Every structure is written in C-alpha cells, then in structure tokens.
Amino acid sequence: MSCEELLAAAVKKQKAFNQDLEDGAHVLLYPDAREINKIPGTDTPFTVQMYKEAIGKPFQRITFYLCTVEAFENKYLTAPDVVAELSAKLTNTSCSRFNINRANVWDGAIRGFKRASFDPSHQMLVKFTDDEGQTEDGVDTGGPKREFLTLLMECLRMRRIFDGPEDRKFLTFDNAAAKGEEYFHAGRMIATSIVHGGPGPRFLSETLYQHLTGMKNTNIEAIIEDITDDTMRASLLEISSAATLEEHASIDRNSSLLQTAGCLQYPDGVDGKKSIVKDFTQWYIIYRNHFAIQRFKDGLEALDVIHALEQHPSVFRAFMCSSVVELTSATLEEVFEVLHSSEKGSSRRHEETRVLGFWRDYLLEKEKQTGLLLGDILMFSTGLNTLPPSGIQPRPQLVFHQTSRFPIGRTCSNTIEIPMSSTYEQFESNMDFGIKFAWFWTLLKAGITIYTLAISQHKTPRSRVALDHSFFEGSQSVPGSGSSPHGLLVESRTNWPKSSCGTGNPQSVPPYLD
C-alpha cells in the first residue's frame, strides 16, 4: 500500500468514526512528526511493506498520525519564513521609483509598474506628492513604501477586473483591461507587495485561491450569492429551491444557460441540485475567466511568489483571502517592543510603567469600539493597517515621549511615541485626536494657511483663517465633531494618519484647504 492509498484509507476511516474530523487536505506523519512520503533515511517512495522491511520488525500494528495540511504547515513554517527566502532575490544596488498622489493612487502605481525600467527585484523608492504636485520631503526608508502598498491593495479591490462580494472577489474578464494587461500587472503588484513587506490582498475568494494554488480539495460550499448576474442568480435559485416534482421543469426552463456552462443534467435529488449549483458556480468564477486568471497568475510569477503559494497554500491563505482573524489588542501589544528611557527603580520609570498601563487599556478599548480602530494605530506607526506576510521589519517600537501632548508616529522607523498623560481619560483623548488628525499637524508644521467653509454655526462666505498650535493646545474639540472654542467649524474627510515620514492617506484635499 502506497502513502497516497494509506492516507485515503486513514481519512475515510477517521471520518466514519470521528465526526469532528476537520475538513480539508490531510497528511500522514511519522511518530517524530515528519511527513510520510519516503522511507526514512532513503529516497525510496513509502509503502507499508517497504517500511516494515526497513525497520526490521514484523509489526502487526504500526502507528502513524493524521494531521491537516494547514496545521502541519503552520506549526513548522510561517509566512515570514517563506517571504524571507523570497526576499533574498531583492537587490540593494538598484531601485524602482514611484511618484504617488494619494488622490489617485492607481494612476501613479500603474505608470510605475508599466515603466520599462521597473524590476520587482529592485528596491522601491516611493515619494508621495500633495495635490499641488509638490513632492513631500523625506527619503523612503520603509514607511512610504508600506503605506503605498497598503493603499494599492485597497485600490485593487475596487478595480473592474474583480467581481463578487467584498470579502470574496474573483477575476472577471474585461476586454479593455485585457488589452491594457491589467490582469498581469495586478498579479505582479500583489507579488511585489508580499515580498517587499506590504500586505496581501485579503479579498480573493476561496474558489479562486484554490484554483490558483492547484489545491485538490474542493470542499467549498457553492454560494449562489457570489453570482453577480441577476438572471443567472435567479435561475440557480429557482433550481436549488424547486420541489421534487418541479425539478425537471426548472431545468428545462434554464437548459440554455446550463448547457452554456456545461452542467445540463436532471438531478435525482438534493445532492443532484447541489452538484448543478456547484458546477455552475465553478464555471462562472473559473472557467469562463480562464484568460484573465492565467494572466493574473503570470503576474504572480514575479519573485517566484506563485510557486510559494502553490507549495504553501495554507500558510498564505489568510493573507490572500478574507480572514475572520482580525487584529487584536493582544496581537498589537506583542507587536510593539517597549523601550524604556529610564533606569529601573527611578521615578521616571515608575511614570513610564503607569502610562504603559494606559496604552494597554487603550488597545483593549479600541478592540471593541467603532471609529478609531487598531488598524489605524498600526497605520499611524508603520504605514500598514494589517500585519503583512513578511512580518514588520524593523520591529515596531513603543517609546515614551516626555514633552509632547499627543502621540508621534514615525513610519520610517516603525515607532510610536506616546504622551505621558496624567490620567487615562486625558491619554485616550489625546491619542484619539493625534491619530485621527495627524495629517492636520503636518500642515501646521509646514506653515500652510488653512481656509474654512464656515465660521461658528453660521453659513458665511468662505473665509481665510490662519490656524496655529493654540487652536489645538487650547481645545479638546475634535475637528469634524462640531465647532471649537475658536469658532471654527471644520470637517474631517479621512481617518488615515500622517506621520513624520510623510505617510498617510488623505484621499482628497478637504474642502477647507487652499
């Protein structure tokens, strides 16, 4: 009996006697947790008989272990391990330049990826421009690049080459996109993001991901709601809900559609109807979009990412498909390394440990609240709003700032400096304000004159009002929440932060800026 035959028999037996057996692909393991594929110490393919001969004992009972592929890969291999190997192909001697306007990230991105000099193995140099075309100061040491890749993945989600629900999108053929090689570039953008320290898309459907990675497991329930064409979806709903006596009639009414998809058959019962729905969904998502998927896959070949996905599909699934695993306070607390600037036992260290408690409670509060999210805090500090496959390098650091009333984010060094507030209420208020409106601070530092559309509660003509730091220091009023003591009524158009390295995401210049 070969390894494959033994595995199939083991899964069948376990499913018959263990209803809790996890779905998905499985592997057989030796007692030392190594995967069974060859006779230990040789290149000879495993068979039960050869194994008995190799150990030299006529065992009537041999113990092996059954494990899911996902659990096996996740225990011994992580995404950062794989990405570290892929990133060895990067060179520091050349760079690919990107000039990005946050008001239209896609425009600058596609120009950069189409540029003849672009090479995914080169380092990336990203410069953001404001809406007047002025390049922001600062050299990209990681922060701008990470923010750009984060914004780019969000742009991809909205492109016309993707269809379906927000959390499980699939490729759909578009003639103009095909002529413009958008499928190829989309795949190359994702591959580049993964290896260069950015996030994965996190929105691909499981069906598409399994097809891309060549996974044999097809235990994915067909979801009729994934069909975005109203007529086709209505036809499938009719077939799936038809009573026994009406099944053939519903098939006849939709025979032309089913024949086009290659799944015209008359079901014998419930399982037959499920089979029709599953086959049609497979055709709708995969087979009718073969060209688009192939070009997308060609793009993923950049830096050998597609091969990494094929070899370790379970490791990368959470970064490619929508995942229920979200950032938690515990995760974020572990991500940041706490740097104390004082000696143990000193009064300043006592104050730092007190504020460290504020920080941990603050993360717990944001874990359950709406509005400011844990992802915003990470974005403020690193330029990423989620943990990427590569991990975050260098490791994010938490620093205690002795003089600033508000937090300071340094995305180039992945650092957040938190204020030494007297009370938790003050700490929370200042953190919220600083993170939500960090881009406002940058304007003040630059000495830019700000215009408002309204003064106090009255609809007055557009007025020019120069803001200074006293507006912030003298008020806890948050822009966007109403009028301040200074009589300014302002509106926030974004909750993306902006750091000292020039990162952030003001999608458009607010109406009161000039």
# chains A, B, ... in the order shown; residues from 1 in each chain; ligands from 1
call {"tool": "select_by_dssp", "arguments": {"residues": "range 236-449 of chain A", "states": "alpha helix (DSSP H)", "output": "ChimeraX atom specification"}}
result
/A:236-241,247-253,255-260,270-285,290-300,305-311,313-320,329-335,347-368,374-382,424-436,438-445
call {"tool": "residues_around", "arguments": {"residues": "range 149-158 of chain A", "least_positions_apart": "4", "cutoff": "9 Å", "atoms": "only C-alpha atoms", "output": "PyMOL selection string"}}
result
chain A and resi 102+105-106+109+144-145+162-163+166+169+186+189-190+192-193+196-204+383-386+505
call {"tool": "residues_around", "arguments": {"residues": "range 35-47 of chain A", "least_positions_apart": "6", "cutoff": "6 Å", "atoms": "only C-alpha atoms", "output": "mmCIF file with all heavy atoms, in the first residue's frame"}}
result
data_model
loop_
_atom_site.group_PDB
_atom_site.id
_atom_site.type_symbol
_atom_site.label_atom_id
_atom_site.label_comp_id
_atom_site.auth_asym_id
_atom_site.auth_seq_id
_atom_site.Cartn_x
_atom_site.Cartn_y
_atom_site.Cartn_z
ATOM 1 N N MET A 1 0.852 -1.197 0.000
ATOM 2 C CA MET A 1 0.000 0.000 0.000
ATOM 3 C C MET A 1 0.886 1.245 0.000
ATOM 4 O O MET A 1 1.775 1.386 0.834
ATOM 5 C CB MET A 1 -0.909 -0.002 1.236
ATOM 6 C CG MET A 1 -1.831 1.201 1.316
ATOM 7 S SD MET A 1 -2.917 1.169 2.780
ATOM 8 C CE MET A 1 -4.074 -0.114 2.302
ATOM 9 N N SER A 2 0.626 2.168 -0.936
ATOM 10 C CA SER A 2 1.431 3.377 -1.050
ATOM 11 C C SER A 2 0.999 4.410 -0.017
ATOM 12 O O SER A 2 -0.016 4.252 0.672
ATOM 13 C CB SER A 2 1.290 3.973 -2.450
ATOM 14 O OG SER A 2 -0.030 4.461 -2.635
ATOM 15 N N CYS A 3 1.761 5.491 0.061
ATOM 16 C CA CYS A 3 1.442 6.570 1.000
ATOM 17 C C CYS A 3 0.081 7.194 0.675
ATOM 18 O O CYS A 3 -0.715 7.462 1.567
ATOM 19 C CB CYS A 3 2.539 7.623 0.942
ATOM 20 S SG CYS A 3 2.212 9.064 1.972
ATOM 21 N N LEU A 28 -0.082 12.401 6.367
ATOM 22 C CA LEU A 28 0.280 11.377 7.346
ATOM 23 C C LEU A 28 1.666 11.695 7.898
ATOM 24 O O LEU A 28 2.573 12.087 7.147
ATOM 25 C CB LEU A 28 0.288 9.995 6.697
ATOM 26 C CG LEU A 28 -1.059 9.281 6.555
ATOM 27 C CD1 LEU A 28 -0.870 7.973 5.792
ATOM 28 C CD2 LEU A 28 -1.694 9.016 7.909
ATOM 29 N N LEU A 29 1.828 11.520 9.204
ATOM 30 C CA LEU A 29 3.088 11.845 9.847
ATOM 31 C C LEU A 29 3.665 10.632 10.561
ATOM 32 O O LEU A 29 2.930 9.815 11.114
ATOM 33 C CB LEU A 29 2.897 12.977 10.869
ATOM 34 C CG LEU A 29 2.272 14.278 10.382
ATOM 35 C CD1 LEU A 29 2.148 15.260 11.537
ATOM 36 C CD2 LEU A 29 3.085 14.877 9.245
#
call {"tool": "residues_around", "arguments": {"residues": "range 329-335 of chain A", "least_positions_apart": "3", "cutoff": "10 Å", "atoms": "only C-alpha atoms", "output": "list in words"}}
result
Glu326, Val338, Trp359, Arg360, Asp361, Tyr362, Leu363, Leu364, Glu365, Lys366, Glu367, Lys368, Leu374, Gly375, Ile377, Leu378, Leu387, Gly391, Ile392, Arg395, Pro396, Gln397 and Leu398 of chain A
